[in-house]
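Chemist: Would you mind keeping the following structure in view while I ask a few things?
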Amino acid sequence: MRPRSRKRVLAVHFSQTGQLTRVLDAVLAALEADPGIEVVHETLKPEPPYPFPWPLVRFFDVFPESVYLDPPPLAPLAFDPEGAYDLVVLGYQPWYLSPAPPMTGFLQSPQARRVLRGRPVVTVVACRNMWLMAQEEVKRMLADVGARLIDNIVLVDRGRPAATFVTTPRWLLTGRKDRFLGLFPEAGVAEAAIHGLSPCGERLRDALKAGHLHVPVLADITPTRVDARYIAAERLGRRSFRIWGAILRAAGPQGSWARVPLLGLYALFLGLGILTAVPLSLAVRKLLALSPVYRRGLEARAAQFREPYG
């Protein structure tokens, strides 16, 4: 059998707003432009599709299944899971501190198990700001199918956290991401950050062609940064989400009218938590940060989220 003359890359992603598609395109541009590389795209399509903008009840109704990693039905995948790929790139967003359900569904599929085993994987994330718990779940699922995560690229909304609690829900529920009331910035990842991803793509292209994808190749140039300030908040939020998720799942399946009153209570709880618990935890962490012992412990916890890189 003659050796393949072209390197092959499989890019799998789901994007509801279109932002992640543009981020992934920016990463893959250098690979797409190289005649020695073939990029195969797979866009995950849940059935039925998720609406955008979100109706309010539907927005909260996907919460329990997102948190418990229940895979949604997906349209048939078009790529050949038995094909030989030299690199797999996975693009996803965190939903409720978990991977978006279409990516969860893909990673639990037989096709993913076949195509990912033994393959180097790069994950690409675009989100508001909290992505650590979701990436830990993705790491675990990749390990379960025998994949090798080598790099992670993360772009986050650089607006103030308090502002993004307004701008991100407004975008998801109305489809509008422009500046709001003259006070709030545009929602989403900055255009400059997306355009700045070219070096990542070029580095991946060069490493792919040189056969160097057995180790991280983006650690010194990726915009990914583990913000230790969010670790405690994400862990606390994750525990809370699992409690509420269990209650809502027990009330009935997704779309059940029995869930609606509980979804209202959950939305109220979440809003009160954002207005009270989040500012309080930030204030407490600022006080604790005065302690060298606390700072060392925080950095040690942050290092755990960088292993493997990203």
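Labeling convention for the structure tokens: chains A, B, ... as they appear, residues from 1 per chain, ligands from 1 in order of appearance.
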Could you pull out the helix (DSSP H, G or I) residues of range 137-252 of chain A, going by DSSP on the backbone, and write them as a VMD selection string?

Modeler: chain A and resid 137 to 144 161 to 174 191 to 195 198 to 210 228 to 251

Chemist: With range 234-254 of chain A as the partner and 12 Å as the cut-off, tabulate the residues of range 50-72 of chain A that qualify, each row holding the nearest pair of atoms and their distance in Å to one decimal, using only C-alpha atoms, sorted by chain and rising number, as a Markdown table.

Modeler:
| residue | atom | partner | partner_atom | distance |
| --- | --- | --- | --- | --- |
| A:Val57 | CA | A:Gln254 | CA | 10.5 |
| A:Arg58 | CA | A:Gln254 | CA | 8.9 |
| A:Phe59 | CA | A:Gln254 | CA | 11.2 |
| A:Phe60 | CA | A:Gln254 | CA | 10.0 |
| A:Asp61 | CA | A:Gln254 | CA | 6.2 |
| A:Val62 | CA | A:Gln254 | CA | 7.0 |
| A:Phe63 | CA | A:Gly245 | CA | 6.9 |
| A:Pro64 | CA | A:Gly245 | CA | 4.1 |
| A:Glu65 | CA | A:Gly245 | CA | 7.5 |
| A:Ser66 | CA | A:Gly245 | CA | 8.8 |
| A:Val67 | CA | A:Arg242 | CA | 6.4 |
| A:Tyr68 | CA | A:Arg242 | CA | 7.3 |
| A:Leu69 | CA | A:Arg242 | CA | 10.8 |
| A:Asp70 | CA | A:Arg249 | CA | 10.7 |
| A:Pro72 | CA | A:Gln254 | CA | 10.6 |

Chemist: Which distance in Å separates CA of Gly273 in chain A and CA of Ile153 in chain A, to one decimal?

Modeler: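 Distance reported for this atom pair: 29.4 Å.
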
Chemist: Run DSSP on the backbone and tell me which residues of range 23-153 of chain A come out as strand (DSSP E); list them as a ChimeraX atom specification.

Modeler: /A:37-43,87-92,94-95,98-99,120-127,148-153

Chemist: Excluding range 177-185 of chain A and any residue of its chain fewer than 3 positions from it, enumerate the residues within 10 Å of it, using only C-alpha atoms, and give them as a list of chain:residue names.

Modeler: A:Arg158, A:Gly159, A:Arg160, A:Ala162, A:Ala163, A:Thr164, A:Val166, A:Thr167, A:Thr168, A:Pro169, A:Arg170, A:Trp171, A:Leu172, A:Thr174, A:Gly188

Chemist: Keeping N, CA and C atoms for every residue in the selection just given, could you write it to a file as a JSON list (two decimals), in the first residue's frame?

Modeler:
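Listed below is the output, part16.json:
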[["chain", "number", "residue", "atom", "x", "y", "z"],
["A", 158, "ARG", "N", -13.80, 39.27, 27.09],
["A", 158, "ARG", "CA", -12.94, 40.08, 27.95],
["A", 158, "ARG", "C", -13.71, 41.20, 28.65],
["A", 159, "GLY", "N", -15.04, 41.22, 28.54],
["A", 159, "GLY", "CA", -15.81, 42.19, 29.30],
["A", 159, "GLY", "C", -15.73, 41.90, 30.78],
["A", 160, "ARG", "N", -16.02, 42.88, 31.60],
["A", 160, "ARG", "CA", -16.03, 42.69, 33.05],
["A", 160, "ARG", "C", -17.03, 41.58, 33.39],
["A", 162, "ALA", "N", -19.18, 41.21, 35.70],
["A", 162, "ALA", "CA", -20.52, 41.71, 36.02],
["A", 162, "ALA", "C", -21.27, 42.10, 34.75],
["A", 163, "ALA", "N", -20.55, 42.67, 33.79],
["A", 163, "ALA", "CA", -21.20, 43.08, 32.54],
["A", 163, "ALA", "C", -21.63, 41.89, 31.71],
["A", 164, "THR", "N", -20.80, 40.83, 31.69],
["A", 164, "THR", "CA", -21.14, 39.67, 30.87],
["A", 164, "THR", "C", -22.34, 38.89, 31.41],
["A", 166, "VAL", "N", -24.96, 40.26, 31.97],
["A", 166, "VAL", "CA", -26.06, 40.91, 31.26],
["A", 166, "VAL", "C", -25.93, 40.67, 29.75],
["A", 167, "THR", "N", -24.74, 40.88, 29.20],
["A", 167, "THR", "CA", -24.58, 40.85, 27.75],
["A", 167, "THR", "C", -24.72, 39.45, 27.16],
["A", 168, "THR", "N", -24.21, 38.43, 27.85],
["A", 168, "THR", "CA", -24.31, 37.07, 27.30],
["A", 168, "THR", "C", -25.75, 36.56, 27.28],
["A", 169, "PRO", "N", -26.51, 36.62, 28.40],
["A", 169, "PRO", "CA", -27.92, 36.20, 28.31],
["A", 169, "PRO", "C", -28.72, 37.01, 27.30],
["A", 170, "ARG", "N", -28.44, 38.30, 27.20],
["A", 170, "ARG", "CA", -29.15, 39.12, 26.21],
["A", 170, "ARG", "C", -28.89, 38.60, 24.80],
["A", 171, "TRP", "N", -27.67, 38.24, 24.50],
["A", 171, "TRP", "CA", -27.31, 37.71, 23.19],
["A", 171, "TRP", "C", -28.03, 36.39, 22.92],
["A", 172, "LEU", "N", -28.01, 35.50, 23.92],
["A", 172, "LEU", "CA", -28.61, 34.18, 23.72],
["A", 172, "LEU", "C", -30.13, 34.22, 23.64],
["A", 174, "THR", "N", -32.05, 37.04, 22.82],
["A", 174, "THR", "CA", -32.60, 37.96, 21.82],
["A", 174, "THR", "C", -31.86, 37.90, 20.49],
["A", 188, "GLY", "N", -19.51, 38.63, 23.58],
["A", 188, "GLY", "CA", -18.75, 37.65, 22.82],
["A", 188, "GLY", "C", -17.26, 37.92, 22.79]]

Chemist: Closest to Gly201 in chain A among A:Leu218, A:Gly255, A:Gln19, A:Gly105, using only C-alpha atoms?

Modeler: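 Closest residue, counting only C-alpha atoms: A:Leu218.
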
Chemist: Smallest atom-to-atom distance to Ile194 in chain A: which of A:Leu132, A:Val23, A:Leu10, A:Ala232, using only C-alpha atoms?

Modeler: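 Closest residue, counting only C-alpha atoms: A:Val23.
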
Chemist: List the spatial neighbours of Asp220 in chain A as JSON, numbers by chain - criterion: any atom at most 12 Å away, only C-alpha atoms, same-chain residues fewer than 4 positions off excluded.

Modeler: {"A": [151, 152, 153, 199, 200, 203, 216, 224, 225, 309, 310]}

Chemist: Restricted to N, CA and C atoms, what would the selected residues look like written as a PDB file, in the first residue's frame?

Modeler:
ATOM      1  N   ASP A 151      -3.273  19.906  23.110  1.00  0.00           N
ATOM      2  CA  ASP A 151      -3.354  21.358  23.244  1.00  0.00           C
ATOM      3  C   ASP A 151      -4.796  21.792  23.409  1.00  0.00           C
ATOM      4  N   ASN A 152      -4.969  22.975  23.972  1.00  0.00           N
ATOM      5  CA  ASN A 152      -6.292  23.566  24.148  1.00  0.00           C
ATOM      6  C   ASN A 152      -6.200  25.053  23.870  1.00  0.00           C
ATOM      7  N   ILE A 153      -7.099  25.545  23.037  1.00  0.00           N
ATOM      8  CA  ILE A 153      -7.159  26.973  22.704  1.00  0.00           C
ATOM      9  C   ILE A 153      -8.471  27.512  23.253  1.00  0.00           C
ATOM     10  N   PRO A 199      -1.253  32.464  14.345  1.00  0.00           N
ATOM     11  CA  PRO A 199      -0.034  31.737  14.745  1.00  0.00           C
ATOM     12  C   PRO A 199      -0.309  30.337  15.269  1.00  0.00           C
ATOM     13  N   CYS A 200      -1.454  30.145  15.924  1.00  0.00           N
ATOM     14  CA  CYS A 200      -1.790  28.798  16.400  1.00  0.00           C
ATOM     15  C   CYS A 200      -1.959  27.840  15.224  1.00  0.00           C
ATOM     16  N   ARG A 203       1.433  27.090  13.644  1.00  0.00           N
ATOM     17  CA  ARG A 203       2.220  26.154  14.456  1.00  0.00           C
ATOM     18  C   ARG A 203       1.683  24.726  14.311  1.00  0.00           C
ATOM     19  N   PRO A 216       2.651  18.744  23.317  1.00  0.00           N
ATOM     20  CA  PRO A 216       2.032  20.059  23.105  1.00  0.00           C
ATOM     21  C   PRO A 216       2.907  20.927  22.202  1.00  0.00           C
ATOM     22  N   THR A 224      -4.842  30.730  25.683  1.00  0.00           N
ATOM     23  CA  THR A 224      -5.432  30.040  26.832  1.00  0.00           C
ATOM     24  C   THR A 224      -4.751  30.462  28.123  1.00  0.00           C
ATOM     25  N   ARG A 225      -5.561  30.757  29.126  1.00  0.00           N
ATOM     26  CA  ARG A 225      -5.023  31.107  30.439  1.00  0.00           C
ATOM     27  C   ARG A 225      -5.950  30.555  31.507  1.00  0.00           C
ATOM     28  N   TYR A 309      -1.336  19.913  29.218  1.00  0.00           N
ATOM     29  CA  TYR A 309      -1.415  21.332  28.893  1.00  0.00           C
ATOM     30  C   TYR A 309      -2.826  21.733  28.514  1.00  0.00           C
ATOM     31  N   GLY A 310      -3.318  22.809  29.050  1.00  0.00           N
ATOM     32  CA  GLY A 310      -4.638  23.293  28.754  1.00  0.00           C
ATOM     33  C   GLY A 310      -5.620  22.881  29.811  1.00  0.00           C
TER      34      GLY A 310
END

Chemist: Which residue out of A:Asp206, A:Asp25, A:Asp34, A:Glu42 has the minimum interatomic distance to His13 in chain A when only C-alpha atoms are used?

Modeler: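 Between A:Asp206, A:Asp25, A:Asp34, A:Glu42, the residue approaching His13 in chain A most closely is A:Glu42.
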
Chemist: For Asp227 in chain A, please output as a ChimeraX atom specification all residues within 10 Å (counting only C-alpha atoms; exclusion window: fewer than 2 positions along the same chain).

Modeler: /A:129-132,224-225,229-231,298-299,302,305

Chemist: Restricting it to N, CA and C atoms, dump the selection as a PDB file, in the first residue's frame.

Modeler:
ATOM      1  N   ASN A 129     -16.591  33.091  30.252  1.00  0.00           N
ATOM      2  CA  ASN A 129     -15.319  33.068  30.978  1.00  0.00           C
ATOM      3  C   ASN A 129     -15.061  31.762  31.726  1.00  0.00           C
ATOM      4  N   MET A 130     -16.083  31.029  32.119  1.00  0.00           N
ATOM      5  CA  MET A 130     -15.859  29.837  32.926  1.00  0.00           C
ATOM      6  C   MET A 130     -15.859  28.590  32.038  1.00  0.00           C
ATOM      7  N   TRP A 131     -14.702  27.927  31.935  1.00  0.00           N
ATOM      8  CA  TRP A 131     -14.560  26.782  31.047  1.00  0.00           C
ATOM      9  C   TRP A 131     -13.821  25.614  31.686  1.00  0.00           C
ATOM     10  N   LEU A 132     -13.297  25.792  32.900  1.00  0.00           N
ATOM     11  CA  LEU A 132     -12.422  24.786  33.497  1.00  0.00           C
ATOM     12  C   LEU A 132     -13.132  23.458  33.749  1.00  0.00           C
ATOM     13  N   THR A 224      -4.842  30.730  25.683  1.00  0.00           N
ATOM     14  CA  THR A 224      -5.432  30.040  26.832  1.00  0.00           C
ATOM     15  C   THR A 224      -4.751  30.462  28.123  1.00  0.00           C
ATOM     16  N   ARG A 225      -5.561  30.757  29.126  1.00  0.00           N
ATOM     17  CA  ARG A 225      -5.023  31.107  30.439  1.00  0.00           C
ATOM     18  C   ARG A 225      -5.950  30.555  31.507  1.00  0.00           C
ATOM     19  N   ARG A 229      -8.852  32.442  39.801  1.00  0.00           N
ATOM     20  CA  ARG A 229      -9.939  33.068  40.564  1.00  0.00           C
ATOM     21  C   ARG A 229     -11.260  32.344  40.365  1.00  0.00           C
ATOM     22  N   TYR A 230     -11.416  31.640  39.241  1.00  0.00           N
ATOM     23  CA  TYR A 230     -12.702  31.014  38.941  1.00  0.00           C
ATOM     24  C   TYR A 230     -12.804  29.569  39.426  1.00  0.00           C
ATOM     25  N   ILE A 231     -11.722  28.996  39.916  1.00  0.00           N
ATOM     26  CA  ILE A 231     -11.738  27.576  40.269  1.00  0.00           C
ATOM     27  C   ILE A 231     -12.774  27.294  41.345  1.00  0.00           C
ATOM     28  N   LEU A 298      -3.743  28.205  45.733  1.00  0.00           N
ATOM     29  CA  LEU A 298      -4.517  28.518  44.538  1.00  0.00           C
ATOM     30  C   LEU A 298      -3.717  28.197  43.288  1.00  0.00           C
ATOM     31  N   GLU A 299      -2.447  28.525  43.307  1.00  0.00           N
ATOM     32  CA  GLU A 299      -1.609  28.245  42.145  1.00  0.00           C
ATOM     33  C   GLU A 299      -1.442  26.741  41.952  1.00  0.00           C
ATOM     34  N   ALA A 302      -4.543  25.586  40.285  1.00  0.00           N
ATOM     35  CA  ALA A 302      -4.551  26.002  38.881  1.00  0.00           C
ATOM     36  C   ALA A 302      -3.654  25.089  38.048  1.00  0.00           C
ATOM     37  N   PHE A 305      -5.255  22.072  36.516  1.00  0.00           N
ATOM     38  CA  PHE A 305      -6.077  22.269  35.326  1.00  0.00           C
ATOM     39  C   PHE A 305      -5.225  22.463  34.072  1.00  0.00           C
TER      40      PHE A 305
END

Chemist: Find the residues around Ser15 in chain A up to 9 Å (only C-alpha atoms counted), leave out those fewer than 2 positions away in its own chain, and share them as a PyMOL selection string.

Modeler: chain A and resi 13+17-21+43-44+91-93

Chemist: Just write the chosen residues, C-alpha atoms, as a short mmCIF file (atom, residue, chain, number, x, y, z; two decimals), in the first residue's frame.

Modeler:
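Output contents, as saved in again-v3.cif:
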data_model
loop_
_atom_site.label_atom_id
_atom_site.label_comp_id
_atom_site.auth_asym_id
_atom_site.auth_seq_id
_atom_site.Cartn_x
_atom_site.Cartn_y
_atom_site.Cartn_z
CA HIS A 13 -17.63 21.24 16.19
CA THR A 17 -24.42 31.50 17.51
CA GLY A 18 -21.78 31.04 14.80
CA GLN A 19 -19.01 32.53 16.94
CA LEU A 20 -17.19 29.24 17.50
CA THR A 21 -17.36 28.45 13.78
CA THR A 43 -20.70 20.03 12.05
CA LEU A 44 -22.71 18.41 14.82
CA GLY A 91 -14.64 22.88 18.94
CA TYR A 92 -17.24 23.34 21.68
CA GLN A 93 -18.75 25.81 24.14
#

Chemist: Rank A:Leu24, A:Ile221, A:Leu56, A:Val115 by their smallest atom-to-atom distance to Val260 in chain A, using only C-alpha atoms, and report the top residue only.

Modeler: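 Among A:Leu24, A:Ile221, A:Leu56, A:Val115, it is A:Leu56 that comes nearest to Val260 in chain A.
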
Chemist: At what distance in Å, to one decimal, does CA of Leu90 in chain A lie from CA of Leu116 in chain A?

Modeler: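 Rounded to one decimal, the two atoms are 10.7 Å apart.
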